[in-house]
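What follows is run_24.pdb (PDB, C-alpha atoms, pLDDT in the B column).
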```pdb
ATOM      1  CA  GLN A   1       8.025  -4.522  45.071  1.00 65.00           C
ATOM      2  CA  LYS A   2       5.682  -2.623  42.775  1.00 75.00           C
ATOM      3  CA  GLU A   3       5.816   1.159  42.978  1.00 89.00           C
ATOM      4  CA  VAL A   4       2.099   1.420  43.798  1.00 93.00           C
ATOM      5  CA  GLU A   5      -0.008  -1.323  45.367  1.00 94.00           C
ATOM      6  CA  GLN A   6      -3.801  -1.211  45.430  1.00 94.00           C
ATOM      7  CA  ASP A   7      -6.200  -3.971  46.404  1.00 85.00           C
ATOM      8  CA  PRO A   8      -8.330  -4.591  43.299  1.00 79.00           C
ATOM      9  CA  GLY A   9     -11.318  -5.800  45.310  1.00 84.00           C
ATOM     10  CA  PRO A  10     -14.064  -6.126  44.268  1.00 91.00           C
ATOM     11  CA  LEU A  11     -15.677  -4.315  47.186  1.00 95.00           C
ATOM     12  CA  SER A  12     -19.426  -4.483  47.701  1.00 97.00           C
ATOM     13  CA  VAL A  13     -21.181  -2.365  50.363  1.00 96.00           C
ATOM     14  CA  PRO A  14     -24.761  -1.390  51.231  1.00 97.00           C
ATOM     15  CA  GLU A  15     -25.994   2.125  50.516  1.00 97.00           C
ATOM     16  CA  GLY A  16     -25.068   4.528  53.309  1.00 97.00           C
ATOM     17  CA  ALA A  17     -21.907   2.642  54.324  1.00 97.00           C
ATOM     18  CA  ILE A  18     -18.538   4.294  54.854  1.00 97.00           C
ATOM     19  CA  VAL A  19     -16.062   3.086  52.266  1.00 97.00           C
ATOM     20  CA  SER A  20     -12.292   3.038  52.750  1.00 96.00           C
ATOM     21  CA  LEU A  21      -9.976   2.616  49.761  1.00 97.00           C
ATOM     22  CA  ASN A  22      -6.213   2.441  50.148  1.00 96.00           C
ATOM     23  CA  CYS A  23      -2.902   2.428  48.313  1.00 96.00           C
ATOM     24  CA  THR A  24       0.659   1.931  49.416  1.00 96.00           C
ATOM     25  CA  TYR A  25       3.720   3.064  47.516  1.00 96.00           C
ATOM     26  CA  SER A  26       7.468   2.630  47.640  1.00 94.00           C
ATOM     27  CA  ASN A  27       8.869   5.721  45.867  1.00 91.00           C
ATOM     28  CA  SER A  28       9.629   8.424  48.433  1.00 91.00           C
ATOM     29  CA  ALA A  29       9.909  10.993  45.606  1.00 88.00           C
ATOM     30  CA  PHE A  30       6.140  11.004  45.097  1.00 90.00           C
ATOM     31  CA  GLN A  31       4.685  14.357  46.162  1.00 88.00           C
ATOM     32  CA  TYR A  32       1.301  14.601  44.398  1.00 89.00           C
ATOM     33  CA  PHE A  33      -1.406  12.074  45.177  1.00 93.00           C
ATOM     34  CA  MET A  34      -4.653  11.689  43.311  1.00 93.00           C
ATOM     35  CA  TRP A  35      -7.764   9.563  43.176  1.00 95.00           C
ATOM     36  CA  TYR A  36      -9.483   8.987  39.864  1.00 95.00           C
ATOM     37  CA  ARG A  37     -12.973   7.570  39.443  1.00 96.00           C
ATOM     38  CA  GLN A  38     -13.784   5.493  36.385  1.00 95.00           C
ATOM     39  CA  TYR A  39     -17.312   4.500  35.483  1.00 96.00           C
ATOM     40  CA  SER A  40     -17.840   1.421  33.344  1.00 92.00           C
ATOM     41  CA  ARG A  41     -16.756   1.960  29.732  1.00 91.00           C
ATOM     42  CA  LYS A  42     -15.651   5.539  30.413  1.00 93.00           C
ATOM     43  CA  GLY A  43     -12.320   7.296  30.857  1.00 94.00           C
ATOM     44  CA  PRO A  44     -11.017   8.050  34.375  1.00 94.00           C
ATOM     45  CA  GLU A  45     -11.773  11.472  35.839  1.00 93.00           C
ATOM     46  CA  LEU A  46     -10.048  13.224  38.705  1.00 92.00           C
ATOM     47  CA  LEU A  47     -11.915  12.948  41.999  1.00 93.00           C
ATOM     48  CA  MET A  48      -9.455  14.201  44.629  1.00 90.00           C
ATOM     49  CA  TYR A  49      -5.917  15.529  44.667  1.00 88.00           C
ATOM     50  CA  THR A  50      -3.537  16.168  47.578  1.00 88.00           C
ATOM     51  CA  TYR A  51      -0.063  17.625  47.715  1.00 84.00           C
ATOM     52  CA  SER A  52       2.295  16.021  50.257  1.00 82.00           C
ATOM     53  CA  SER A  53       0.898  14.783  53.595  1.00 84.00           C
ATOM     54  CA  GLY A  54      -2.434  15.684  55.148  1.00 86.00           C
ATOM     55  CA  ASN A  55      -6.166  15.471  54.663  1.00 91.00           C
ATOM     56  CA  LYS A  56      -8.465  16.996  52.098  1.00 92.00           C
ATOM     57  CA  GLU A  57     -12.239  16.942  52.204  1.00 94.00           C
ATOM     58  CA  ASP A  58     -14.717  17.515  49.388  1.00 92.00           C
ATOM     59  CA  GLY A  59     -18.328  16.797  50.244  1.00 96.00           C
ATOM     60  CA  ARG A  60     -18.674  13.093  51.087  1.00 97.00           C
ATOM     61  CA  PHE A  61     -15.081  12.364  50.022  1.00 97.00           C
ATOM     62  CA  THR A  62     -11.935  12.625  52.159  1.00 97.00           C
ATOM     63  CA  ALA A  63      -8.428  11.944  50.920  1.00 96.00           C
ATOM     64  CA  GLN A  64      -5.604  11.248  53.373  1.00 96.00           C
ATOM     65  CA  VAL A  65      -1.885  11.013  52.745  1.00 95.00           C
ATOM     66  CA  ASP A  66       0.638   9.664  55.251  1.00 94.00           C
ATOM     67  CA  LYS A  67       4.051  10.052  53.641  1.00 92.00           C
ATOM     68  CA  SER A  68       5.864   8.603  56.647  1.00 93.00           C
ATOM     69  CA  SER A  69       4.030   5.304  56.096  1.00 93.00           C
ATOM     70  CA  LYS A  70       3.802   5.696  52.300  1.00 94.00           C
ATOM     71  CA  TYR A  71       0.055   5.139  52.551  1.00 95.00           C
ATOM     72  CA  ILE A  72      -2.873   6.998  51.034  1.00 96.00           C
ATOM     73  CA  SER A  73      -6.596   6.575  51.607  1.00 96.00           C
ATOM     74  CA  LEU A  74      -9.902   7.678  50.170  1.00 97.00           C
ATOM     75  CA  PHE A  75     -12.981   7.655  52.389  1.00 97.00           C
ATOM     76  CA  ILE A  76     -16.500   7.879  51.045  1.00 97.00           C
ATOM     77  CA  ARG A  77     -19.210   8.734  53.581  1.00 97.00           C
ATOM     78  CA  ASP A  78     -22.886   7.914  53.079  1.00 97.00           C
ATOM     79  CA  SER A  79     -22.067   5.931  49.960  1.00 97.00           C
ATOM     80  CA  GLN A  80     -24.591   6.022  47.114  1.00 97.00           C
ATOM     81  CA  PRO A  81     -25.290   3.624  44.229  1.00 97.00           C
ATOM     82  CA  SER A  82     -23.945   6.376  41.944  1.00 97.00           C
ATOM     83  CA  ASP A  83     -20.537   5.894  43.625  1.00 97.00           C
ATOM     84  CA  SER A  84     -20.294   2.444  42.025  1.00 97.00           C
ATOM     85  CA  ALA A  85     -17.161   2.645  39.882  1.00 97.00           C
ATOM     86  CA  THR A  86     -13.497   1.711  39.782  1.00 95.00           C
ATOM     87  CA  TYR A  87     -11.293   3.960  41.910  1.00 97.00           C
ATOM     88  CA  LEU A  88      -7.665   4.370  40.885  1.00 95.00           C
ATOM     89  CA  CYS A  89      -4.989   5.950  43.009  1.00 95.00           C
ATOM     90  CA  ALA A  90      -2.247   7.830  41.161  1.00 93.00           C
ATOM     91  CA  MET A  91       0.867   9.695  42.177  1.00 91.00           C
ATOM     92  CA  ARG A  92       3.859  11.555  40.768  1.00 87.00           C
ATOM     93  CA  GLY A  93       7.020  13.338  41.774  1.00 83.00           C
ATOM     94  CA  ASN A  94       7.912  16.991  41.553  1.00 73.00           C
ATOM     95  CA  SER A  95      10.949  17.175  39.292  1.00 66.00           C
ATOM     96  CA  GLY A  96      12.541  15.711  36.212  1.00 62.00           C
ATOM     97  CA  GLY A  97      10.910  12.767  34.500  1.00 60.00           C
ATOM     98  CA  SER A  98       8.797  11.919  37.529  1.00 59.00           C
ATOM     99  CA  ASN A  99       7.042  15.233  37.068  1.00 62.00           C
ATOM    100  CA  TYR A 100       5.676  14.207  33.697  1.00 71.00           C
ATOM    101  CA  LYS A 101       4.292  10.783  34.481  1.00 81.00           C
ATOM    102  CA  LEU A 102       1.629   9.525  36.821  1.00 87.00           C
ATOM    103  CA  THR A 103       1.997   6.055  38.313  1.00 90.00           C
ATOM    104  CA  PHE A 104      -1.364   4.373  38.800  1.00 92.00           C
ATOM    105  CA  GLY A 105      -2.559   1.648  41.098  1.00 93.00           C
ATOM    106  CA  LYS A 106      -4.518  -1.223  39.586  1.00 93.00           C
ATOM    107  CA  GLY A 107      -7.851   0.212  40.710  1.00 94.00           C
ATOM    108  CA  THR A 108     -10.503  -1.016  43.158  1.00 95.00           C
ATOM    109  CA  LEU A 109     -13.946  -1.938  41.813  1.00 94.00           C
ATOM    110  CA  LEU A 110     -16.627  -0.644  44.190  1.00 96.00           C
ATOM    111  CA  THR A 111     -20.319  -1.573  44.076  1.00 97.00           C
ATOM    112  CA  VAL A 112     -22.803   0.215  46.337  1.00 97.00           C
ATOM    113  CA  ASN A 113     -26.019  -1.765  46.640  1.00 96.00           C
ATOM    114  CA  PRO A 114     -29.358   0.037  47.133  1.00 95.00           C
TER     115      PRO A 114
ATOM    116  CA  ASN B   1     -16.245  21.817  24.892  1.00 66.00           C
ATOM    117  CA  ALA B   2     -14.836  18.616  23.363  1.00 77.00           C
ATOM    118  CA  GLY B   3     -11.790  18.018  25.650  1.00 92.00           C
ATOM    119  CA  VAL B   4      -9.911  14.880  24.551  1.00 95.00           C
ATOM    120  CA  THR B   5     -11.417  13.050  21.576  1.00 96.00           C
ATOM    121  CA  GLN B   6     -10.422   9.532  20.558  1.00 97.00           C
ATOM    122  CA  THR B   7     -11.340   7.638  17.409  1.00 96.00           C
ATOM    123  CA  PRO B   8     -12.335   4.964  16.693  1.00 97.00           C
ATOM    124  CA  LYS B   9     -14.259   3.847  19.782  1.00 96.00           C
ATOM    125  CA  PHE B  10     -14.181   0.195  18.730  1.00 96.00           C
ATOM    126  CA  ARG B  11     -12.068  -1.768  16.269  1.00 96.00           C
ATOM    127  CA  ILE B  12     -11.406  -5.399  15.457  1.00 96.00           C
ATOM    128  CA  LEU B  13      -8.098  -6.191  13.776  1.00 96.00           C
ATOM    129  CA  LYS B  14      -6.646  -9.350  12.347  1.00 96.00           C
ATOM    130  CA  ILE B  15      -3.187 -10.487  13.448  1.00 96.00           C
ATOM    131  CA  GLY B  16      -0.543  -8.688  11.437  1.00 96.00           C
ATOM    132  CA  GLN B  17      -2.713  -5.738  10.420  1.00 96.00           C
ATOM    133  CA  SER B  18      -1.763  -2.165  11.261  1.00 95.00           C
ATOM    134  CA  MET B  19      -3.837   0.779  12.362  1.00 96.00           C
ATOM    135  CA  THR B  20      -3.704   4.206  13.935  1.00 97.00           C
ATOM    136  CA  LEU B  21      -5.663   5.355  16.969  1.00 97.00           C
ATOM    137  CA  GLN B  22      -6.384   9.054  16.717  1.00 98.00           C
ATOM    138  CA  CYS B  23      -6.324  11.474  19.643  1.00 98.00           C
ATOM    139  CA  THR B  24      -6.943  15.201  19.567  1.00 97.00           C
ATOM    140  CA  GLN B  25      -7.390  17.769  22.344  1.00 96.00           C
ATOM    141  CA  ASP B  26      -8.682  21.318  22.153  1.00 94.00           C
ATOM    142  CA  MET B  27      -7.382  22.592  25.516  1.00 90.00           C
ATOM    143  CA  ASN B  28      -3.933  23.673  24.259  1.00 90.00           C
ATOM    144  CA  HIS B  29      -2.271  21.230  26.663  1.00 90.00           C
ATOM    145  CA  ASN B  30       1.418  20.584  26.207  1.00 89.00           C
ATOM    146  CA  TYR B  31       1.521  17.101  27.699  1.00 91.00           C
ATOM    147  CA  MET B  32      -0.213  14.152  26.087  1.00 95.00           C
ATOM    148  CA  TYR B  33      -0.208  10.469  26.974  1.00 96.00           C
ATOM    149  CA  TRP B  34      -1.284   7.076  25.719  1.00 97.00           C
ATOM    150  CA  TYR B  35      -2.254   4.387  28.232  1.00 97.00           C
ATOM    151  CA  ARG B  36      -3.565   0.884  27.839  1.00 97.00           C
ATOM    152  CA  GLN B  37      -5.874  -0.700  30.380  1.00 96.00           C
ATOM    153  CA  ASP B  38      -6.258  -4.434  30.750  1.00 93.00           C
ATOM    154  CA  PRO B  39      -8.737  -6.029  33.206  1.00 84.00           C
ATOM    155  CA  GLY B  40      -7.387  -5.893  36.763  1.00 79.00           C
ATOM    156  CA  MET B  41      -4.099  -4.373  35.621  1.00 82.00           C
ATOM    157  CA  GLY B  42      -4.644  -0.644  35.955  1.00 86.00           C
ATOM    158  CA  LEU B  43      -3.265   1.874  33.466  1.00 92.00           C
ATOM    159  CA  LYS B  44       0.065   1.228  31.778  1.00 93.00           C
ATOM    160  CA  LEU B  45       1.843   4.123  30.064  1.00 93.00           C
ATOM    161  CA  ILE B  46       2.764   3.407  26.439  1.00 96.00           C
ATOM    162  CA  TYR B  47       4.173   6.731  25.205  1.00 96.00           C
ATOM    163  CA  TYR B  48       4.002  10.348  26.222  1.00 94.00           C
ATOM    164  CA  SER B  49       4.850  13.748  24.772  1.00 94.00           C
ATOM    165  CA  VAL B  50       5.788  17.002  26.518  1.00 89.00           C
ATOM    166  CA  GLY B  51       5.218  19.116  23.427  1.00 91.00           C
ATOM    167  CA  ALA B  52       5.083  19.149  19.636  1.00 93.00           C
ATOM    168  CA  GLY B  53       8.035  17.243  18.201  1.00 94.00           C
ATOM    169  CA  ILE B  54       8.983  15.585  21.524  1.00 94.00           C
ATOM    170  CA  THR B  55       7.959  12.048  22.452  1.00 95.00           C
ATOM    171  CA  ASP B  56       9.275   9.449  24.871  1.00 94.00           C
ATOM    172  CA  LYS B  57       8.653   5.840  25.820  1.00 94.00           C
ATOM    173  CA  GLY B  58       6.601   4.769  28.783  1.00 93.00           C
ATOM    174  CA  GLU B  59       6.441   1.368  30.492  1.00 90.00           C
ATOM    175  CA  VAL B  60       5.112  -0.713  27.579  1.00 94.00           C
ATOM    176  CA  PRO B  61       6.158   0.861  24.229  1.00 96.00           C
ATOM    177  CA  ASN B  62       6.948  -2.305  22.249  1.00 96.00           C
ATOM    178  CA  GLY B  63       4.726  -2.752  19.207  1.00 95.00           C
ATOM    179  CA  TYR B  64       3.642   0.899  19.150  1.00 97.00           C
ATOM    180  CA  ASN B  65       4.794   4.173  17.645  1.00 97.00           C
ATOM    181  CA  VAL B  66       3.718   7.774  18.118  1.00 97.00           C
ATOM    182  CA  SER B  67       4.257  11.172  16.568  1.00 96.00           C
ATOM    183  CA  ARG B  68       3.436  14.698  17.724  1.00 97.00           C
ATOM    184  CA  SER B  69       3.524  17.156  14.863  1.00 96.00           C
ATOM    185  CA  THR B  70       1.011  19.567  16.426  1.00 96.00           C
ATOM    186  CA  THR B  71      -0.023  20.501  19.964  1.00 94.00           C
ATOM    187  CA  GLU B  72      -3.524  19.142  19.351  1.00 96.00           C
ATOM    188  CA  ASP B  73      -2.866  15.680  17.903  1.00 97.00           C
ATOM    189  CA  PHE B  74      -1.102  12.618  19.280  1.00 98.00           C
ATOM    190  CA  PRO B  75      -1.814   9.512  17.169  1.00 98.00           C
ATOM    191  CA  LEU B  76      -0.789   6.014  18.281  1.00 98.00           C
ATOM    192  CA  ARG B  77       0.301   3.591  15.578  1.00 97.00           C
ATOM    193  CA  LEU B  78       0.066  -0.183  15.972  1.00 95.00           C
ATOM    194  CA  GLU B  79       2.269  -2.093  13.549  1.00 89.00           C
ATOM    195  CA  LEU B  80       1.764  -5.827  12.993  1.00 93.00           C
ATOM    196  CA  ALA B  81      -1.061  -6.224  15.499  1.00 94.00           C
ATOM    197  CA  ALA B  82      -0.815  -9.132  17.948  1.00 96.00           C
ATOM    198  CA  PRO B  83      -3.446 -10.662  20.297  1.00 95.00           C
ATOM    199  CA  SER B  84      -1.447  -9.243  23.255  1.00 95.00           C
ATOM    200  CA  GLN B  85      -2.454  -5.773  22.053  1.00 96.00           C
ATOM    201  CA  THR B  86      -6.124  -6.481  22.708  1.00 96.00           C
ATOM    202  CA  SER B  87      -6.943  -3.798  25.253  1.00 97.00           C
ATOM    203  CA  VAL B  88      -8.696  -0.525  25.942  1.00 97.00           C
ATOM    204  CA  TYR B  89      -6.544   2.444  24.976  1.00 98.00           C
ATOM    205  CA  PHE B  90      -6.866   5.831  26.630  1.00 97.00           C
ATOM    206  CA  CYS B  91      -5.408   9.097  25.473  1.00 97.00           C
ATOM    207  CA  ALA B  92      -4.943  11.870  28.047  1.00 96.00           C
ATOM    208  CA  SER B  93      -3.623  15.410  28.204  1.00 94.00           C
ATOM    209  CA  ARG B  94      -2.631  17.896  30.914  1.00 89.00           C
ATOM    210  CA  PRO B  95      -1.338  21.439  31.146  1.00 80.00           C
ATOM    211  CA  PRO B  96       2.234  22.087  32.356  1.00 70.00           C
ATOM    212  CA  THR B  97       2.815  21.920  36.112  1.00 63.00           C
ATOM    213  CA  GLY B  98       1.923  25.126  37.881  1.00 57.00           C
ATOM    214  CA  LEU B  99      -1.066  25.933  35.733  1.00 48.00           C
ATOM    215  CA  ALA B 100      -4.409  25.061  37.244  1.00 45.00           C
ATOM    216  CA  GLY B 101      -6.149  22.411  35.213  1.00 42.00           C
ATOM    217  CA  GLY B 102      -9.548  21.758  36.646  1.00 42.00           C
ATOM    218  CA  ARG B 103      -9.345  21.109  40.358  1.00 42.00           C
ATOM    219  CA  GLY B 104      -5.697  20.195  40.689  1.00 47.00           C
ATOM    220  CA  THR B 105      -2.160  20.635  39.517  1.00 59.00           C
ATOM    221  CA  GLY B 106      -1.150  18.205  36.847  1.00 64.00           C
ATOM    222  CA  GLU B 107      -4.636  16.768  36.431  1.00 81.00           C
ATOM    223  CA  LEU B 108      -4.965  14.360  33.525  1.00 89.00           C
ATOM    224  CA  PHE B 109      -7.939  14.747  31.235  1.00 92.00           C
ATOM    225  CA  PHE B 110      -8.841  11.432  29.616  1.00 95.00           C
ATOM    226  CA  GLY B 111     -10.671  10.548  26.447  1.00 96.00           C
ATOM    227  CA  GLU B 112     -13.488   7.999  26.388  1.00 95.00           C
ATOM    228  CA  GLY B 113     -11.226   5.160  25.274  1.00 96.00           C
ATOM    229  CA  SER B 114     -10.764   2.992  22.195  1.00 97.00           C
ATOM    230  CA  ARG B 115     -11.531  -0.728  22.516  1.00 96.00           C
ATOM    231  CA  LEU B 116      -9.263  -2.793  20.304  1.00 96.00           C
ATOM    232  CA  THR B 117      -9.575  -6.538  19.712  1.00 96.00           C
ATOM    233  CA  VAL B 118      -6.933  -8.431  17.763  1.00 96.00           C
ATOM    234  CA  LEU B 119      -8.043 -11.838  16.451  1.00 94.00           C
TER     235      LEU B 119
END
```
Entire entry expressed as structure tokens:
Amino acid sequence: QKEVEQDPGPLSVPEGAIVSLNCTYSNSAFQYFMWYRQYSRKGPELLMYTYSSGNKEDGRFTAQVDKSSKYISLFIRDSQPSDSATYLCAMRGNSGGSNYKLTFGKGTLLTVNP
Amino acid sequence: NAGVTQTPKFRILKIGQSMTLQCTQDMNHNYMYWYRQDPGMGLKLIYYSVGAGITDKGEVPNGYNVSRSTTEDFPLRLELAAPSQTSVYFCASRPPTGLAGGRGTGELFFGEGSRLTVL
């Protein structure tokens, strides 16, 4: 079983739709959970970050972490064509070597159609 | 503010050639990383460094070497290039845990990438 599983898509939605992106993981030591957004031919940039379980909201974006199920989600409300990108989940532990390194999912390619 | 700068942006190599991908950051970050990204495969960690003079292997280090003589620079060396090394390479940096970097703890700041083709 891979440490982090993410459906690569592609996912295509109409403008204004609610988008749900998900990752599952197997390493119970993971404590920090992040979502990166990567536009075509650019480097990833941090979109959302959450420590441990719970929800975090930032504008149209909501990140959820359920550590009991080892499942994280990113919701995008009122999606816009400018949200078209690849979304990568990432996570890391809190001590030792796991503190230094992020483990990434494969990324989900999202297209929002006008 | 430059952030993380990678050069070159594009390069074509012949099998067996060698080259160095340059990475420099101006944020005084201790931690630096090299990832490769292949289509549909996400980011794979090649090497990382927790400070000047300290480097360690990631998931896919074979065929690569790194050095970290200064805080700012973290070059990646490809020896005897092979077609399997055709990829997009990303350098990243982050401050030590506990120091706010942007909007989160342990946030990675990425460069724009270097596209390498080995023919």
Fill in: Distance of CA of Ala63 in chain A from CA of Leu47 in chain A, expressed in Å to one decimal place
9.6 Å
Item to complete: Determine the residue membership of the ChimeraX specification (/A :<7) & /B for the file above and supply it as a ChimeraX atom specification.
Response: /B:40-43,104,107,109-113
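The space between CA of Ser87 in chain B and CA of Ile12 in chain B spans 10.9 Å.
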Item to complete: For Leu119 in chain B, work out the shell of residues within 7 Å, counting only C-alpha atoms and skipping chain neighbours fewer than 2 positions away, then give it as a PyMOL selection string.
Response: chain B and resi 13-15+83+117
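Residues matching the PyMOL selection byres ((chain A and resi 65-76) around 8) in this structure come to A:Ile18, A:Val19, A:Ser20, A:Leu21, A:Asn22, A:Cys23, A:Thr24, A:Tyr25, A:Ser26, A:Ser28, A:Phe33, A:Trp35, A:Thr50, A:Ser52, A:Ser53, A:Gly54, A:Asn55, A:Arg60, A:Phe61, A:Thr62, A:Ala63, A:Gln64, A:Arg77, A:Asp78, A:Ser79.
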